file entry39.cif (mmCIF, N, CA and C atoms)
data_input
loop_
_atom_site.label_atom_id
_atom_site.label_comp_id
_atom_site.auth_asym_id
_atom_site.auth_seq_id
_atom_site.Cartn_x
_atom_site.Cartn_y
_atom_site.Cartn_z
N MET A 1 -1.03 22.60 -3.30
CA MET A 1 -0.16 21.89 -2.37
C MET A 1 0.00 20.45 -2.84
N THR A 2 1.25 19.97 -2.88
CA THR A 2 1.47 18.58 -3.26
C THR A 2 1.63 17.73 -2.01
N ILE A 3 1.58 16.43 -2.22
CA ILE A 3 1.66 15.51 -1.08
C ILE A 3 3.09 15.09 -0.76
N SER A 4 4.09 15.72 -1.34
CA SER A 4 5.48 15.35 -1.07
C SER A 4 5.75 15.27 0.43
N GLY A 5 6.52 14.24 0.81
CA GLY A 5 6.89 14.06 2.20
C GLY A 5 6.29 12.80 2.79
N PRO A 6 6.44 12.62 4.12
CA PRO A 6 5.96 11.40 4.79
C PRO A 6 4.46 11.46 5.13
N TRP A 7 3.75 10.40 4.78
CA TRP A 7 2.32 10.26 5.05
C TRP A 7 2.05 8.85 5.57
N VAL A 8 0.89 8.66 6.19
CA VAL A 8 0.44 7.34 6.62
C VAL A 8 -0.84 7.01 5.84
N LEU A 9 -0.77 5.91 5.08
CA LEU A 9 -1.92 5.44 4.30
C LEU A 9 -2.67 4.40 5.13
N HIS A 10 -3.96 4.63 5.36
CA HIS A 10 -4.84 3.68 6.05
C HIS A 10 -5.76 3.10 4.98
N PHE A 11 -5.86 1.77 4.90
CA PHE A 11 -6.62 1.14 3.83
C PHE A 11 -7.51 0.03 4.37
N SER A 12 -8.66 -0.15 3.73
CA SER A 12 -9.60 -1.19 4.14
C SER A 12 -10.22 -1.83 2.90
N TRP A 13 -9.76 -3.03 2.56
CA TRP A 13 -10.37 -3.77 1.45
C TRP A 13 -11.76 -4.18 1.88
N GLY A 14 -12.78 -3.85 1.09
CA GLY A 14 -14.16 -4.14 1.44
C GLY A 14 -14.80 -3.04 2.26
N CYS A 15 -14.07 -1.98 2.55
CA CYS A 15 -14.58 -0.83 3.33
C CYS A 15 -15.19 -1.26 4.66
N THR A 16 -14.42 -2.02 5.43
CA THR A 16 -14.87 -2.44 6.76
C THR A 16 -14.39 -1.40 7.78
N ASP A 17 -14.66 -1.65 9.03
CA ASP A 17 -14.18 -0.77 10.10
C ASP A 17 -12.74 -1.10 10.49
N ASP A 18 -12.16 -2.11 9.85
CA ASP A 18 -10.80 -2.57 10.15
C ASP A 18 -9.86 -2.03 9.08
N TYR A 19 -8.92 -1.17 9.47
CA TYR A 19 -7.98 -0.57 8.53
C TYR A 19 -6.57 -1.06 8.77
N GLY A 20 -5.87 -1.44 7.69
CA GLY A 20 -4.44 -1.64 7.75
C GLY A 20 -3.78 -0.28 7.54
N ARG A 21 -2.47 -0.20 7.74
CA ARG A 21 -1.79 1.07 7.53
C ARG A 21 -0.35 0.83 7.10
N VAL A 22 0.17 1.82 6.38
CA VAL A 22 1.56 1.76 5.95
C VAL A 22 2.08 3.20 5.83
N GLY A 23 3.30 3.42 6.31
CA GLY A 23 3.94 4.71 6.15
C GLY A 23 4.56 4.80 4.77
N LEU A 24 4.28 5.87 4.04
CA LEU A 24 4.81 6.08 2.70
C LEU A 24 5.46 7.46 2.63
N VAL A 25 6.53 7.56 1.85
CA VAL A 25 7.17 8.85 1.59
C VAL A 25 6.97 9.16 0.11
N PHE A 26 6.34 10.30 -0.14
CA PHE A 26 6.07 10.75 -1.50
C PHE A 26 7.15 11.75 -1.89
N THR A 27 7.79 11.54 -3.04
CA THR A 27 8.86 12.41 -3.49
C THR A 27 8.36 13.32 -4.62
N PRO A 28 9.00 14.48 -4.80
CA PRO A 28 8.55 15.43 -5.82
C PRO A 28 8.61 14.88 -7.25
N ASP A 29 9.39 13.81 -7.47
CA ASP A 29 9.48 13.26 -8.83
C ASP A 29 8.30 12.36 -9.20
N GLY A 30 7.30 12.25 -8.31
CA GLY A 30 6.11 11.46 -8.62
C GLY A 30 6.20 10.00 -8.25
N THR A 31 7.14 9.65 -7.36
CA THR A 31 7.24 8.27 -6.88
C THR A 31 7.00 8.25 -5.38
N PHE A 32 6.70 7.06 -4.85
CA PHE A 32 6.56 6.89 -3.40
C PHE A 32 7.16 5.55 -3.02
N SER A 33 7.52 5.42 -1.74
CA SER A 33 8.01 4.15 -1.22
C SER A 33 7.82 4.14 0.29
N GLY A 34 7.86 2.93 0.83
CA GLY A 34 7.73 2.75 2.27
C GLY A 34 7.07 1.44 2.59
N GLY A 35 7.42 0.84 3.70
CA GLY A 35 6.80 -0.40 4.13
C GLY A 35 7.00 -1.55 3.16
N GLY A 36 8.06 -1.49 2.35
CA GLY A 36 8.31 -2.53 1.36
C GLY A 36 7.55 -2.33 0.07
N PHE A 37 6.90 -1.19 -0.10
CA PHE A 37 6.13 -0.88 -1.30
C PHE A 37 6.77 0.27 -2.06
N SER A 38 6.43 0.37 -3.34
CA SER A 38 6.85 1.51 -4.14
C SER A 38 5.81 1.71 -5.23
N GLY A 39 5.86 2.87 -5.86
CA GLY A 39 4.93 3.13 -6.94
C GLY A 39 5.02 4.56 -7.43
N ASP A 40 4.03 4.96 -8.21
CA ASP A 40 3.96 6.29 -8.78
C ASP A 40 2.72 7.00 -8.29
N TRP A 41 2.80 8.33 -8.18
CA TRP A 41 1.64 9.13 -7.81
C TRP A 41 1.53 10.32 -8.73
N ARG A 42 0.30 10.75 -8.93
CA ARG A 42 -0.01 11.95 -9.70
C ARG A 42 -1.06 12.72 -8.94
N GLN A 43 -0.93 14.04 -8.93
CA GLN A 43 -1.91 14.88 -8.26
C GLN A 43 -2.18 16.09 -9.13
N GLN A 44 -3.47 16.37 -9.33
CA GLN A 44 -3.87 17.55 -10.07
C GLN A 44 -5.20 18.05 -9.53
N ASP A 45 -5.25 19.34 -9.25
CA ASP A 45 -6.48 19.98 -8.78
C ASP A 45 -7.09 19.24 -7.59
N GLY A 46 -6.25 18.73 -6.69
CA GLY A 46 -6.74 18.05 -5.49
C GLY A 46 -7.04 16.58 -5.68
N THR A 47 -7.01 16.10 -6.92
CA THR A 47 -7.25 14.69 -7.18
C THR A 47 -5.92 13.94 -7.15
N LEU A 48 -5.88 12.84 -6.40
CA LEU A 48 -4.67 12.05 -6.24
C LEU A 48 -4.89 10.66 -6.83
N LEU A 49 -3.92 10.19 -7.60
CA LEU A 49 -3.92 8.83 -8.13
C LEU A 49 -2.64 8.14 -7.69
N LEU A 50 -2.76 6.93 -7.13
CA LEU A 50 -1.61 6.13 -6.72
C LEU A 50 -1.64 4.82 -7.49
N ARG A 51 -0.50 4.41 -8.00
CA ARG A 51 -0.38 3.11 -8.67
C ARG A 51 0.81 2.39 -8.06
N PHE A 52 0.56 1.24 -7.43
CA PHE A 52 1.63 0.46 -6.81
C PHE A 52 2.39 -0.33 -7.86
N ALA A 53 3.73 -0.29 -7.79
CA ALA A 53 4.57 -1.10 -8.67
C ALA A 53 4.62 -2.54 -8.18
N ASP A 54 4.27 -2.75 -6.90
CA ASP A 54 4.41 -4.04 -6.25
C ASP A 54 3.19 -4.95 -6.37
N GLY A 55 2.11 -4.46 -6.92
CA GLY A 55 0.89 -5.25 -7.02
C GLY A 55 -0.15 -4.53 -7.85
N PRO A 56 -1.34 -5.10 -7.95
CA PRO A 56 -2.34 -4.56 -8.87
C PRO A 56 -3.15 -3.37 -8.36
N ALA A 57 -3.01 -3.00 -7.10
CA ALA A 57 -3.87 -1.96 -6.52
C ALA A 57 -3.62 -0.58 -7.13
N GLN A 58 -4.73 0.14 -7.34
CA GLN A 58 -4.69 1.54 -7.75
C GLN A 58 -5.65 2.30 -6.86
N TYR A 59 -5.22 3.48 -6.43
CA TYR A 59 -5.99 4.30 -5.50
C TYR A 59 -6.33 5.63 -6.18
N GLY A 60 -7.53 6.13 -5.94
CA GLY A 60 -7.93 7.43 -6.45
C GLY A 60 -8.74 8.15 -5.39
N GLY A 61 -8.57 9.46 -5.31
CA GLY A 61 -9.32 10.22 -4.32
C GLY A 61 -8.91 11.68 -4.32
N THR A 62 -9.22 12.36 -3.25
CA THR A 62 -8.90 13.77 -3.14
C THR A 62 -8.05 14.02 -1.91
N VAL A 63 -7.21 15.05 -1.99
CA VAL A 63 -6.37 15.46 -0.88
C VAL A 63 -6.57 16.95 -0.68
N THR A 64 -6.80 17.32 0.58
CA THR A 64 -6.92 18.73 0.95
C THR A 64 -6.10 18.93 2.21
N GLY A 65 -5.11 19.81 2.15
CA GLY A 65 -4.29 20.07 3.31
C GLY A 65 -3.52 18.84 3.75
N SER A 66 -3.72 18.41 4.98
CA SER A 66 -2.97 17.29 5.55
C SER A 66 -3.74 15.98 5.57
N ALA A 67 -4.81 15.87 4.78
CA ALA A 67 -5.60 14.64 4.76
C ALA A 67 -6.17 14.39 3.38
N GLY A 68 -6.45 13.12 3.10
CA GLY A 68 -7.07 12.73 1.84
C GLY A 68 -7.87 11.47 2.04
N ALA A 69 -8.74 11.16 1.08
CA ALA A 69 -9.56 9.95 1.16
C ALA A 69 -10.03 9.58 -0.23
N GLY A 70 -10.39 8.29 -0.38
CA GLY A 70 -10.88 7.85 -1.67
C GLY A 70 -11.18 6.37 -1.70
N ALA A 71 -11.11 5.79 -2.89
CA ALA A 71 -11.42 4.38 -3.11
C ALA A 71 -10.25 3.72 -3.83
N MET A 72 -10.17 2.39 -3.71
CA MET A 72 -9.12 1.66 -4.41
C MET A 72 -9.67 0.36 -4.97
N SER A 73 -8.94 -0.19 -5.96
CA SER A 73 -9.33 -1.44 -6.58
C SER A 73 -8.09 -2.18 -7.03
N SER A 74 -8.19 -3.50 -7.08
CA SER A 74 -7.11 -4.31 -7.64
C SER A 74 -7.47 -4.77 -9.05
N PHE A 75 -8.68 -4.45 -9.49
CA PHE A 75 -9.16 -4.74 -10.84
C PHE A 75 -9.04 -6.21 -11.21
N ASP A 76 -9.25 -7.09 -10.20
CA ASP A 76 -9.19 -8.53 -10.45
C ASP A 76 -10.49 -9.23 -10.06
N GLY A 77 -11.56 -8.47 -9.87
CA GLY A 77 -12.84 -9.03 -9.48
C GLY A 77 -13.04 -9.07 -7.97
N SER A 78 -11.98 -8.81 -7.19
CA SER A 78 -12.10 -8.75 -5.74
C SER A 78 -12.81 -7.47 -5.36
N PRO A 79 -13.42 -7.45 -4.16
CA PRO A 79 -14.03 -6.20 -3.71
C PRO A 79 -12.97 -5.10 -3.61
N GLY A 80 -13.33 -3.90 -3.99
CA GLY A 80 -12.44 -2.76 -3.84
C GLY A 80 -12.38 -2.35 -2.38
N GLY A 81 -12.04 -1.12 -2.15
CA GLY A 81 -11.93 -0.69 -0.77
C GLY A 81 -11.92 0.82 -0.63
N CYS A 82 -11.69 1.23 0.62
CA CYS A 82 -11.66 2.65 0.99
C CYS A 82 -10.31 2.94 1.61
N TRP A 83 -9.87 4.18 1.50
CA TRP A 83 -8.61 4.56 2.10
C TRP A 83 -8.67 6.00 2.58
N TYR A 84 -7.80 6.30 3.52
CA TYR A 84 -7.55 7.69 3.88
C TYR A 84 -6.06 7.85 4.14
N LEU A 85 -5.58 9.06 3.95
CA LEU A 85 -4.18 9.37 4.01
C LEU A 85 -4.00 10.58 4.93
N VAL A 86 -3.04 10.51 5.86
CA VAL A 86 -2.81 11.61 6.79
C VAL A 86 -1.33 11.95 6.77
N ARG A 87 -1.02 13.24 6.64
CA ARG A 87 0.38 13.67 6.64
C ARG A 87 0.99 13.31 7.99
N GLN A 88 2.17 12.70 7.97
CA GLN A 88 2.84 12.32 9.21
C GLN A 88 3.10 13.58 10.03
N GLY A 89 2.75 13.51 11.30
CA GLY A 89 2.88 14.66 12.18
C GLY A 89 1.56 15.39 12.35
N ALA A 90 0.58 15.14 11.45
CA ALA A 90 -0.75 15.72 11.60
C ALA A 90 -1.55 14.83 12.56
N ALA A 91 -2.66 15.31 13.07
CA ALA A 91 -3.50 14.51 13.97
C ALA A 91 -3.86 13.20 13.31
N GLY A 92 -3.60 12.09 13.97
CA GLY A 92 -3.92 10.77 13.43
C GLY A 92 -2.87 10.24 12.49
N GLY A 93 -1.78 10.96 12.28
CA GLY A 93 -0.77 10.53 11.33
C GLY A 93 0.56 10.14 11.94
N ALA A 94 0.62 10.02 13.25
CA ALA A 94 1.90 9.77 13.90
C ALA A 94 2.33 8.32 13.86
N ASP A 95 1.42 7.37 13.86
CA ASP A 95 1.76 5.95 13.91
C ASP A 95 2.06 5.45 12.51
N THR A 96 3.34 5.17 12.23
CA THR A 96 3.71 4.72 10.89
C THR A 96 3.94 3.22 10.82
N ALA A 97 3.63 2.48 11.88
CA ALA A 97 3.83 1.04 11.87
C ALA A 97 3.06 0.42 10.71
N ASP A 98 3.76 -0.41 9.93
CA ASP A 98 3.13 -1.05 8.79
C ASP A 98 2.32 -2.24 9.26
N SER A 99 1.07 -2.31 8.81
CA SER A 99 0.22 -3.41 9.24
C SER A 99 -0.87 -3.67 8.21
N SER A 100 -0.99 -4.92 7.81
CA SER A 100 -2.09 -5.34 6.95
C SER A 100 -3.00 -6.28 7.73
N ALA A 101 -2.81 -6.35 9.05
CA ALA A 101 -3.56 -7.27 9.90
C ALA A 101 -5.05 -7.11 9.67
N GLY A 102 -5.72 -8.22 9.48
CA GLY A 102 -7.17 -8.21 9.31
C GLY A 102 -7.63 -7.91 7.90
N GLN A 103 -6.70 -7.57 7.00
CA GLN A 103 -7.07 -7.24 5.62
C GLN A 103 -6.87 -8.46 4.72
N PRO A 104 -7.74 -8.64 3.72
CA PRO A 104 -7.58 -9.79 2.81
C PRO A 104 -6.44 -9.61 1.83
N ALA A 105 -5.86 -8.42 1.74
CA ALA A 105 -4.72 -8.14 0.86
C ALA A 105 -3.92 -7.00 1.48
N ASP A 106 -2.66 -6.85 1.04
CA ASP A 106 -1.85 -5.75 1.55
C ASP A 106 -2.20 -4.46 0.81
N ALA A 107 -1.50 -3.39 1.11
CA ALA A 107 -1.81 -2.09 0.52
C ALA A 107 -1.70 -2.10 -1.00
N ALA A 108 -0.82 -2.93 -1.54
CA ALA A 108 -0.63 -3.02 -2.99
C ALA A 108 -1.63 -3.97 -3.65
N GLY A 109 -2.49 -4.59 -2.85
CA GLY A 109 -3.49 -5.50 -3.40
C GLY A 109 -3.04 -6.94 -3.52
N ARG A 110 -1.86 -7.26 -2.97
CA ARG A 110 -1.36 -8.63 -3.02
C ARG A 110 -1.98 -9.45 -1.90
N LYS A 111 -2.47 -10.62 -2.23
CA LYS A 111 -3.12 -11.49 -1.25
C LYS A 111 -2.07 -12.36 -0.55
N PRO A 112 -2.27 -12.66 0.75
CA PRO A 112 -1.33 -13.52 1.48
C PRO A 112 -1.27 -14.93 0.91
N ASP A 113 -0.15 -15.63 1.18
CA ASP A 113 -0.01 -17.02 0.78
C ASP A 113 -0.79 -17.91 1.75
N ALA A 114 -0.71 -19.22 1.56
CA ALA A 114 -1.45 -20.16 2.40
C ALA A 114 -1.08 -20.06 3.88
N ALA A 115 0.14 -19.60 4.16
CA ALA A 115 0.58 -19.44 5.55
C ALA A 115 0.16 -18.10 6.13
N GLY A 116 -0.52 -17.27 5.31
CA GLY A 116 -0.99 -15.99 5.79
C GLY A 116 0.01 -14.87 5.67
N ARG A 117 1.13 -15.11 4.97
CA ARG A 117 2.17 -14.10 4.81
C ARG A 117 1.97 -13.35 3.50
N SER A 118 2.17 -12.04 3.55
CA SER A 118 2.11 -11.22 2.34
C SER A 118 3.37 -11.41 1.53
N PRO A 119 3.30 -11.24 0.21
CA PRO A 119 4.51 -11.35 -0.61
C PRO A 119 5.58 -10.39 -0.12
N GLY A 120 6.81 -10.90 0.05
CA GLY A 120 7.91 -10.07 0.49
C GLY A 120 7.97 -9.83 1.98
N GLU A 121 6.98 -10.32 2.73
CA GLU A 121 6.97 -10.11 4.18
C GLU A 121 8.15 -10.82 4.81
N LEU A 122 8.76 -10.18 5.79
CA LEU A 122 9.90 -10.76 6.48
C LEU A 122 9.44 -11.50 7.73
N ASP A 123 10.11 -12.63 8.02
CA ASP A 123 9.78 -13.35 9.24
C ASP A 123 10.54 -12.72 10.42
N ALA A 124 10.47 -13.35 11.59
CA ALA A 124 11.05 -12.78 12.80
C ALA A 124 12.56 -12.58 12.71
N VAL A 125 13.25 -13.36 11.87
CA VAL A 125 14.70 -13.20 11.74
C VAL A 125 15.08 -12.40 10.49
N GLY A 126 14.09 -11.81 9.81
CA GLY A 126 14.37 -10.93 8.68
C GLY A 126 14.52 -11.62 7.34
N THR A 127 14.02 -12.86 7.23
CA THR A 127 14.09 -13.60 5.99
C THR A 127 12.80 -13.41 5.21
N SER A 128 12.90 -13.23 3.90
CA SER A 128 11.72 -13.06 3.05
C SER A 128 10.92 -14.35 3.02
N SER A 129 9.60 -14.20 2.96
CA SER A 129 8.72 -15.38 2.96
C SER A 129 8.56 -15.98 1.58
N GLY A 130 9.24 -15.47 0.57
CA GLY A 130 9.14 -16.05 -0.76
C GLY A 130 9.64 -15.09 -1.81
N GLU A 131 9.96 -15.64 -2.95
CA GLU A 131 10.44 -14.82 -4.05
C GLU A 131 9.26 -14.20 -4.78
N LEU A 132 9.48 -12.99 -5.31
CA LEU A 132 8.45 -12.27 -6.03
C LEU A 132 8.87 -12.05 -7.47
N ASP A 133 7.89 -12.01 -8.38
CA ASP A 133 8.20 -11.65 -9.75
C ASP A 133 8.24 -10.13 -9.87
N ALA A 134 8.46 -9.62 -11.07
CA ALA A 134 8.62 -8.17 -11.26
C ALA A 134 7.37 -7.38 -10.87
N ALA A 135 6.20 -8.03 -10.91
CA ALA A 135 4.95 -7.36 -10.56
C ALA A 135 4.63 -7.48 -9.08
N GLY A 136 5.49 -8.15 -8.31
CA GLY A 136 5.26 -8.27 -6.88
C GLY A 136 4.42 -9.46 -6.48
N ASN A 137 4.21 -10.39 -7.40
CA ASN A 137 3.40 -11.58 -7.10
C ASN A 137 4.32 -12.72 -6.69
N ARG A 138 3.83 -13.55 -5.75
CA ARG A 138 4.61 -14.68 -5.26
C ARG A 138 4.83 -15.69 -6.39
N ILE A 139 6.08 -16.17 -6.50
CA ILE A 139 6.43 -17.19 -7.50
C ILE A 139 6.15 -18.54 -6.88
N PRO A 140 5.23 -19.34 -7.47
CA PRO A 140 4.90 -20.64 -6.89
C PRO A 140 6.14 -21.52 -6.77
N GLY A 141 6.28 -22.17 -5.61
CA GLY A 141 7.38 -23.09 -5.38
C GLY A 141 8.69 -22.44 -5.01
N ALA A 142 8.74 -21.12 -4.92
CA ALA A 142 10.00 -20.43 -4.63
C ALA A 142 10.51 -20.72 -3.23
N GLU A 143 9.62 -21.14 -2.33
CA GLU A 143 10.04 -21.41 -0.94
C GLU A 143 10.55 -22.82 -0.78
N GLU A 144 10.34 -23.69 -1.77
CA GLU A 144 10.76 -25.07 -1.65
C GLU A 144 12.28 -25.14 -1.55
N GLY A 145 12.77 -26.00 -0.71
CA GLY A 145 14.20 -26.19 -0.56
C GLY A 145 14.86 -25.20 0.38
N ARG A 146 14.08 -24.29 0.97
CA ARG A 146 14.66 -23.34 1.93
C ARG A 146 14.51 -23.91 3.33
N SER A 147 15.46 -23.60 4.19
CA SER A 147 15.33 -24.04 5.58
C SER A 147 15.11 -22.88 6.48
#

call {"tool": "encode", "arguments": {"input": "entry39.cif", "output": "structure tokens"}}
result
Amino acid sequence: MTISGPWVLHFSWGCTDDYGRVGLVFTPDGTFSGGGFSGDWRQQDGTLLLRFADGPAQYGGTVTGSAGAGAMSSFDGSPGGCWYLVRQGAAGGADTADSSAGQPADAAGRKPDAAGRSPGELDAVGTSSGELDAAGNRIPGAEEGRS
């Protein structure tokens, strides 16, 4: 069984009791997107690997049926973390609201700026909080001169 379709990824940098979450849609071509993120996935013999195009995070673990779990790292010396994945519509998988609240980084491993905003996060009127480079990292000074 592949993970194609809508899922909710719950993640905790540092493996605390506080989990952020993001709804992701996995496509049969090996890509995923959702919540402003995108990346590639591979699955073989129940082992799942996720690589975010938007940041340094990589996830590895196992998936059985409508649930999966594993560990993740940003490979930058920061503490790694724990994650679990639930197929949307399965028990515990209905809430797809994207949230990194309480996490030191977003699902892709990007750390918030000094104002506490994640790269690419939209403000209340839908404006991006800063420009990102091709790897999804905030470009220093990109917010200067904006009103």

call {"tool": "atom_distance", "arguments": {"input": "entry39.cif", "atom1": "atom C of A:Gly5", "atom2": "atom CA of A:Gly30"}}
result
11.5 Å

call {"tool": "closest_residue", "arguments": {"input": "entry39.cif", "among": "A:Phe37, A:Asp54, A:Val86, A:Val22", "to": "A:Ala69", "atoms": "all atoms listed in the file"}}
result
A:Val86

call {"tool": "resolve_selection", "arguments": {"input": "entry39.cif", "expression": "the PyMOL selection byres (((chain A and resi 46 and name CA) around 8) and name CA)", "output": "PyMOL selection string"}}
result
chain A and resi 43-45+47-48+62-64

call {"tool": "closest_residue", "arguments": {"input": "entry39.cif", "among": "A:Tyr19, A:Gly55, A:Ser66, A:Trp41", "to": "A:Gln88", "atoms": "only C-alpha atoms"}}
result
A:Ser66

call {"tool": "closest_residue", "arguments": {"input": "entry39.cif", "among": "A:Ala108, A:Ala57, A:Leu9, A:Cys15", "to": "A:Phe75", "atoms": "only C-alpha atoms"}}
result
A:Ala57
